[in-house]
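Structure first, commentary second.
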Amino acid sequence: MSDPAGTAFQYAPTAMLVADPAGAVLAVNDTFTALLGRPSTEIAGRPWPELFTPDDHGRAWEQHNKALRGAAPRQWPDLTIRTADGLSRRTIVQARSFPAAPGGETAGVVIQLSLLSHDEETLRIVTELRLREANTALWSLDLTSGTLSELFGPSPLARMLAGDACTLEECLARVHRDDVSRLRAALETAYQGGNYEQRFRMFDQVGDERWLYARATYLGGDRPRLVGIVDDMTEHVQLVRRLADRRRIEAAQGRQVNELAAKLVSATTVQEVTNLLSREFTPIFGGDGAHVVLLDDTELRLYPESTASTGQWLYPDNHRDSAHPVGAVLHDSQPRFFESRSELLERFPALGEALCQTDDHSWAFVPMFGDGKTAIGVWVVAWTQPHHATPDERALLLTLAGLAGQALQRVNRQSAELELADAVQRRMLPPQPPAFSELDVAVRYLPARAGWRVCGDFYDAIRLPGRRIGLVVGDVQGHGVEAAAAMGQIRMAFRAYATNQSDPGTVLTETNRLLTETGEIVFATCGYLVIDIDLGQLQAAWAGQPPVVLATESGFEVWEPETGPPVGVDAEAKYPVSSRPLPPGSTLLMCSDGLVESAEVNMDDGLAAVGSELSAKVTDVHGAATALAELAPAGRGDDIAILVARVR
């Protein structure tokens with residue numbers, strides 16, 4: 001054995017080649033030719049980077065040049081080589097230079113290829129795909145040298161956070177100073193063989209603060225290291241903060257508004273409404289007294305009537321007299337808040353003598369609106385000590401005054417309001433859906449027998465691009481003109497978004513965003529179902545509506561699409577899309593909850609009743625809709641919308 005080194009190279013179990021500084025192959029071993037399926041004569045003289053797929057040529061040349069410079073990468077790359085029989089094999093490529101003689105110039109480069117096993121290759125591909133779209137990086141920390149590297153090459157998260165930094169100290173320089181000592185203490189534990197888990201803040205390349213969650217496991221040996229994962233938790237932390245702030249505000253205000261709004265809704269006289277404002281609402285704000293001044297044509301009336309003598313100073317000579325706070329509010333419909341007598345007198349100097357009639361020192365003059373933008377009265381809250389109304393207090397005063405104004409309008413003009421709502425609904429809710437050549441559709445609308453002729457339930461059928469049809473059923477909270485108007489708004493929004501968006505979840509998300517941005521307190525449950533006639537497929541986006549009933553002559557089933565919150569509740573809400581095939585010969589039912597649920601009937605029983613009825617009349621959508629309206633298993637305590645459809 002005259003050349004042991006050459007013999008070892010030739011029969012080495014690992015694929016190897018030798019290339020000159022220009023990259024041309026000088027020699028290959030038997031394992032390499034077996035891997036490639038080509039004789040050494042076909043490989044010799046070729047640039048070794050070109051043995052790999054074209055997408056990897058650049059990375060291979062980069063490794064060749066680094067080897068010539070004597071620079072070893074933090075992570076050896078994996079490159080794909082194409083064999084003679086056309087197969088692609090992923091390999092880990094290591095390149096190192098060697099001198100012509102000790103201390104001499106570089107004579108060439110030795111390339112070693114290590115095949116990835118099938119399981120290892122699969123895991124690597126899946127991991128890389130996952131890292132591309134996720135705010136996650138897989139990392140390794142050499143505890144001996146303090147060098148940080150990524151297990152599968154650069155990830156978007158690491159580039160954003162660390163850039164070209166490759167040492168622990170360089171990365172710690174970007175960590176928030178309040179978290180550095182805690183991270184160092186945890187790393188000291190890791191140096192002693194412990195695992196690692198920390199949440200901390202770090203500034204990215206553009207200076208933005210990011211919240212990170214790092215976990216790692218200790219691996220011992222000659223070169224101990226930590227191998228782990230770091231996740232970007234910034235969006236989650238920001239969301240939690242927003243939700244916590246919102247919940248604190250809503251918890252305090254929500255209970256007050258809901259309880260008092262419920263009393264306003266049930267009020268049947270002007271006296272009840274004004275008593276709520278002057279007695280029950282005032283303590284919420286720490287007020288010492290309150291009055292309500294209502295405008296009746298051109299005359300003013302003061303409530304409570306028992307305080308007419310002490311509250312006489314609130315009457316201006318003319319209800320539009322801008323020299324008086326009540327007249328100014330009625331004139332321009334803008335609220336006024338005064339923390340002291342001097343502040344009030346500075347704005348309204350004519351009140352100097354009038355203020356002798358009261359001991360109050362701070363006031364809030366809040367307009368009350370009915371259906372329009374014109375103030376119908378003023379709610380006056382007073383404090384006997386100087387008081388600063390915070391932005392939250394002002395918002396709540398305006399909200400309650402608005403609700404009270406609507407209650408007064410309802411009490412005084414209920415008949416006219418219902419007639420107007422009738423007209424609004426007739427214009428906004430089609431009596432019959434449009435005709436489709438591919439689909440039979442039947443609808444029914446049943447107002448509740450609780451005294452309201454008009455409510456907020458609605459339905460619609462929309463022609464979509466291709467042979468696709470959208471079906472909508474919804475239920476707006478409340479009754480009367482507000483609910484009818486909101487119903488029309490939601491229905492028109494659905495139509496507008498559905499014709500431009502193919503994804504049902506996007507349609508529902510955009511409709512929800514529109515409602516929340518209006519600033520009105522409007523909530524609605526609704527379901528949006530898209531039928532693809534050619535594919536025989538259903539896609540649904542749901543916001544709290546009852547599930548879909550699918551019936552055939554042999555029976556029925558209940559399909560519950562994944563649901564999000566009612567629209568109008570949360571501006572950030574997303575609505576997932578559920579899909580399933582439409583069984584041949586089936587008829588589907590969408591309905592508002594008034595058909596299948598009440599205080600006496602649970603939804604499961606109601607769905608079972610309508611499913612049996614639908615199955616009995618599965619071929620006649622109009623007969624089925626009529627039968628379901630007559631059945632009304634949950635009673636008629638709530639309004640009902642019914643939509644029955646069957647593919648022809």
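We name chains A, B, ... following the order of the structure tokens; residues begin at 1 in each chain, and ligands are numbered from 1 as shown.
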
Neighbour list for Leu345 (chain A) as a list of chain:residue names, cut-off 12 Å, only C-alpha atoms, skip fewer than 3 positions in-chain:
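Within the cut-off, the hits are A:Ala323, A:His324, A:Pro325, A:Phe338, A:Glu339, A:Ser340, A:Arg341, A:Ser342, A:Phe348, A:Pro349, A:Ala350, A:Leu351, A:Gly352, A:Glu353, A:Ala354, A:Leu355, A:His361, A:Ser362, A:Trp363.
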
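Proximity ranking of A:Leu183, A:Leu148, A:Ile229, A:Val293 relative to Glu170 (chain A) places A:Leu148 first, based on only C-alpha atoms.
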
Considering only helix (DSSP H, G or I) as DSSP defines it on the backbone, what residues of region 31-103 of chain A qualify? List them as a ChimeraX atom specification.
/A:31-36,40-43,48-51,54-69

Can you tell me which residues surround region 189-205 of chain A at a distance of at most 8 Å, considering only C-alpha atoms, apart from same-chain residues fewer than 6 positions away, and format the answer as a compact mmCIF listing (two decimals) with C-alpha atoms, in the first residue's frame?
# COMPACT_ATOMS: atom_id res chain seq x y z
CA LEU A 143 -21.80 27.26 25.14
CA MET A 160 -35.34 40.97 11.40
CA LEU A 161 -33.97 40.61 14.93
CA ALA A 162 -30.24 39.94 14.66
CA GLY A 163 -29.22 40.65 11.08
CA ARG A 174 -30.32 44.39 21.42
CA VAL A 175 -32.24 43.02 24.43
CA HIS A 176 -34.24 45.46 26.55
CA ASP A 179 -34.45 41.97 30.76
CA LEU A 183 -31.47 36.41 30.61
CA TRP A 211 -41.67 40.32 22.65
CA LEU A 212 -39.94 36.93 22.32
CA TYR A 213 -40.36 33.53 23.92
CA ALA A 214 -37.25 31.31 23.82
CA ARG A 215 -37.03 27.66 24.84
CA ALA A 216 -34.05 25.33 24.58
CA THR A 217 -32.73 21.96 25.70
CA TYR A 218 -29.18 21.40 26.94
CA LEU A 219 -27.04 18.97 24.94
CA GLY A 220 -23.76 17.88 26.56
CA LEU A 226 -28.38 24.73 23.74

Correct to one decimal, the distance CA of Thr619 (chain A)-CA of Ser437 (chain A) is 16.0 Å

Give me the residues near Asp142 (chain A) as a list in words, where near means some atom within 8 Å (using only C-alpha atoms) and where sequence neighbours in that chain fewer than 3 positions away do not count.
Ser145, Gly146, Thr147, Leu148, Arg223, Pro224, Arg225 and Leu226 of chain A

Those same residues - C-alpha atoms - I'd like them written as an mmCIF file, in the first residue's frame.
data_model
loop_
_atom_site.group_PDB
_atom_site.id
_atom_site.type_symbol
_atom_site.label_atom_id
_atom_site.label_comp_id
_atom_site.auth_asym_id
_atom_site.auth_seq_id
_atom_site.Cartn_x
_atom_site.Cartn_y
_atom_site.Cartn_z
ATOM 1 C CA SER A 145 -17.596 29.821 22.083
ATOM 2 C CA GLY A 146 -20.839 31.780 22.597
ATOM 3 C CA THR A 147 -21.637 31.413 18.891
ATOM 4 C CA LEU A 148 -25.277 31.470 17.817
ATOM 5 C CA ARG A 223 -18.970 20.976 22.805
ATOM 6 C CA PRO A 224 -22.039 21.537 25.012
ATOM 7 C CA ARG A 225 -24.800 23.581 23.444
ATOM 8 C CA LEU A 226 -28.383 24.733 23.745
#

Pick the closest to Glu600 (chain A) from A:Arg96, A:Arg636, A:Lys617, A:His319: which is it, counting only C-alpha atoms?
A:Arg636

To one decimal place in Å, what is the distance between CA of Asp440 (chain A) and CA of Ala540 (chain A)?
18.9 Å

Find the spatial neighbours of Ala608 (chain A), counting only C-alpha atoms, within a cut-off of 9 Å - ignore same-chain residues fewer than 2 positions away - and output them as a count of residues only.
12

Pick the closest to Gly58 (chain A) from A:Asp208, A:Ala44, A:Leu79, A:Asp296: which is it, counting only C-alpha atoms?
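Of A:Asp208, A:Ala44, A:Leu79, A:Asp296, the one nearest Gly58 (chain A) is A:Leu79, counting only C-alpha atoms.
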
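Here CA of Gly377 (chain A) stands at a distance of 15.8 Å from CA of Trp313 (chain A).
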
Using only C-alpha atoms, which protein or nucleic acid residues come within 10 Å of Asp503 (chain A)? Drop anything in the same chain fewer than 3 positions from it, and give the result as a compact mmCIF listing (two decimals) with N, CA and C atoms, in the first residue's frame.
# COMPACT_ATOMS: atom_id res chain seq x y z
N TYR A 497 -70.07 43.44 -0.69
CA TYR A 497 -68.84 42.68 -0.49
C TYR A 497 -68.89 41.34 -1.20
N ALA A 498 -70.06 40.70 -1.24
CA ALA A 498 -70.16 39.37 -1.85
C ALA A 498 -69.84 39.42 -3.34
N ASN A 500 -67.71 41.22 -4.75
CA ASN A 500 -66.29 41.52 -4.99
C ASN A 500 -65.35 40.56 -4.27
N THR A 506 -64.20 36.43 4.28
CA THR A 506 -63.83 37.82 4.02
C THR A 506 -65.05 38.71 3.95
N VAL A 507 -66.12 38.21 3.31
CA VAL A 507 -67.37 38.99 3.22
C VAL A 507 -67.89 39.31 4.61
N LEU A 508 -67.91 38.30 5.48
CA LEU A 508 -68.42 38.51 6.84
C LEU A 508 -67.49 39.42 7.64
N VAL A 530 -72.48 29.90 0.66
CA VAL A 530 -72.27 29.95 -0.79
C VAL A 530 -72.41 28.55 -1.35
N GLN A 539 -69.92 26.36 1.11
CA GLN A 539 -68.95 27.08 1.92
C GLN A 539 -69.72 28.05 2.81
N ALA A 540 -69.37 28.09 4.09
CA ALA A 540 -70.15 28.90 5.03
C ALA A 540 -69.24 29.69 5.94
N ALA A 541 -69.64 30.94 6.21
CA ALA A 541 -69.03 31.77 7.26
C ALA A 541 -70.17 32.17 8.20
N PRO A 576 -63.92 32.13 10.27
CA PRO A 576 -63.41 31.00 9.49
C PRO A 576 -64.45 30.50 8.50
N VAL A 577 -63.97 29.82 7.46
CA VAL A 577 -64.85 29.27 6.43
C VAL A 577 -64.93 27.76 6.61

Long-range neighbours of Gly372 (chain A) as a list in words, 12 Å cut-off, only C-alpha atoms, 3 positions minimum in chain
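My list of contacting residues is Ser333, Met368, Phe369, Ala375, Ile376, Gly402, Gly405, Gln406, Gln409, Val481 and Glu482 of chain A.
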
Keeping N, CA, C and O atoms for every residue in the selection just given, could you write it to a file as an mmCIF file, in the first residue's frame?
data_model
loop_
_atom_site.group_PDB
_atom_site.id
_atom_site.type_symbol
_atom_site.label_atom_id
_atom_site.label_comp_id
_atom_site.auth_asym_id
_atom_site.auth_seq_id
_atom_site.Cartn_x
_atom_site.Cartn_y
_atom_site.Cartn_z
ATOM 1 N N SER A 333 -76.735 71.332 19.181
ATOM 2 C CA SER A 333 -76.702 69.889 19.525
ATOM 3 C C SER A 333 -75.347 69.436 20.041
ATOM 4 O O SER A 333 -75.007 68.249 19.934
ATOM 5 N N MET A 368 -80.090 65.394 24.022
ATOM 6 C CA MET A 368 -80.803 64.132 23.854
ATOM 7 C C MET A 368 -81.387 64.123 22.449
ATOM 8 O O MET A 368 -82.048 65.088 22.032
ATOM 9 N N PHE A 369 -81.106 63.047 21.743
ATOM 10 C CA PHE A 369 -81.544 62.934 20.350
ATOM 11 C C PHE A 369 -82.581 61.833 20.222
ATOM 12 O O PHE A 369 -82.530 60.824 20.919
ATOM 13 N N ALA A 375 -81.633 67.921 18.498
ATOM 14 C CA ALA A 375 -81.838 67.635 19.915
ATOM 15 C C ALA A 375 -83.304 67.858 20.281
ATOM 16 O O ALA A 375 -83.926 68.846 19.882
ATOM 17 N N ILE A 376 -83.870 66.907 21.044
ATOM 18 C CA ILE A 376 -85.257 67.040 21.505
ATOM 19 C C ILE A 376 -85.297 67.452 22.972
ATOM 20 O O ILE A 376 -86.379 67.660 23.528
ATOM 21 N N GLY A 402 -78.368 59.542 24.602
ATOM 22 C CA GLY A 402 -78.865 59.078 23.316
ATOM 23 C C GLY A 402 -79.913 57.994 23.466
ATOM 24 O O GLY A 402 -80.945 57.992 22.776
ATOM 25 N N GLY A 405 -83.075 59.574 24.703
ATOM 26 C CA GLY A 405 -83.765 60.278 23.631
ATOM 27 C C GLY A 405 -84.541 59.330 22.747
ATOM 28 O O GLY A 405 -85.691 59.603 22.357
ATOM 29 N N GLN A 406 -83.944 58.192 22.444
ATOM 30 C CA GLN A 406 -84.645 57.200 21.639
ATOM 31 C C GLN A 406 -85.847 56.639 22.390
ATOM 32 O O GLN A 406 -86.902 56.393 21.795
ATOM 33 N N GLN A 409 -88.640 59.192 22.180
ATOM 34 C CA GLN A 409 -89.255 59.158 20.865
ATOM 35 C C GLN A 409 -90.159 57.938 20.713
ATOM 36 O O GLN A 409 -91.230 58.013 20.111
ATOM 37 N N VAL A 481 -87.507 51.091 13.894
ATOM 38 C CA VAL A 481 -86.811 51.725 12.789
ATOM 39 C C VAL A 481 -85.304 51.513 12.867
ATOM 40 O O VAL A 481 -84.646 51.340 11.837
ATOM 41 N N GLU A 482 -84.725 51.508 14.074
ATOM 42 C CA GLU A 482 -83.281 51.304 14.175
ATOM 43 C C GLU A 482 -82.888 49.919 13.668
ATOM 44 O O GLU A 482 -81.938 49.762 12.909
#
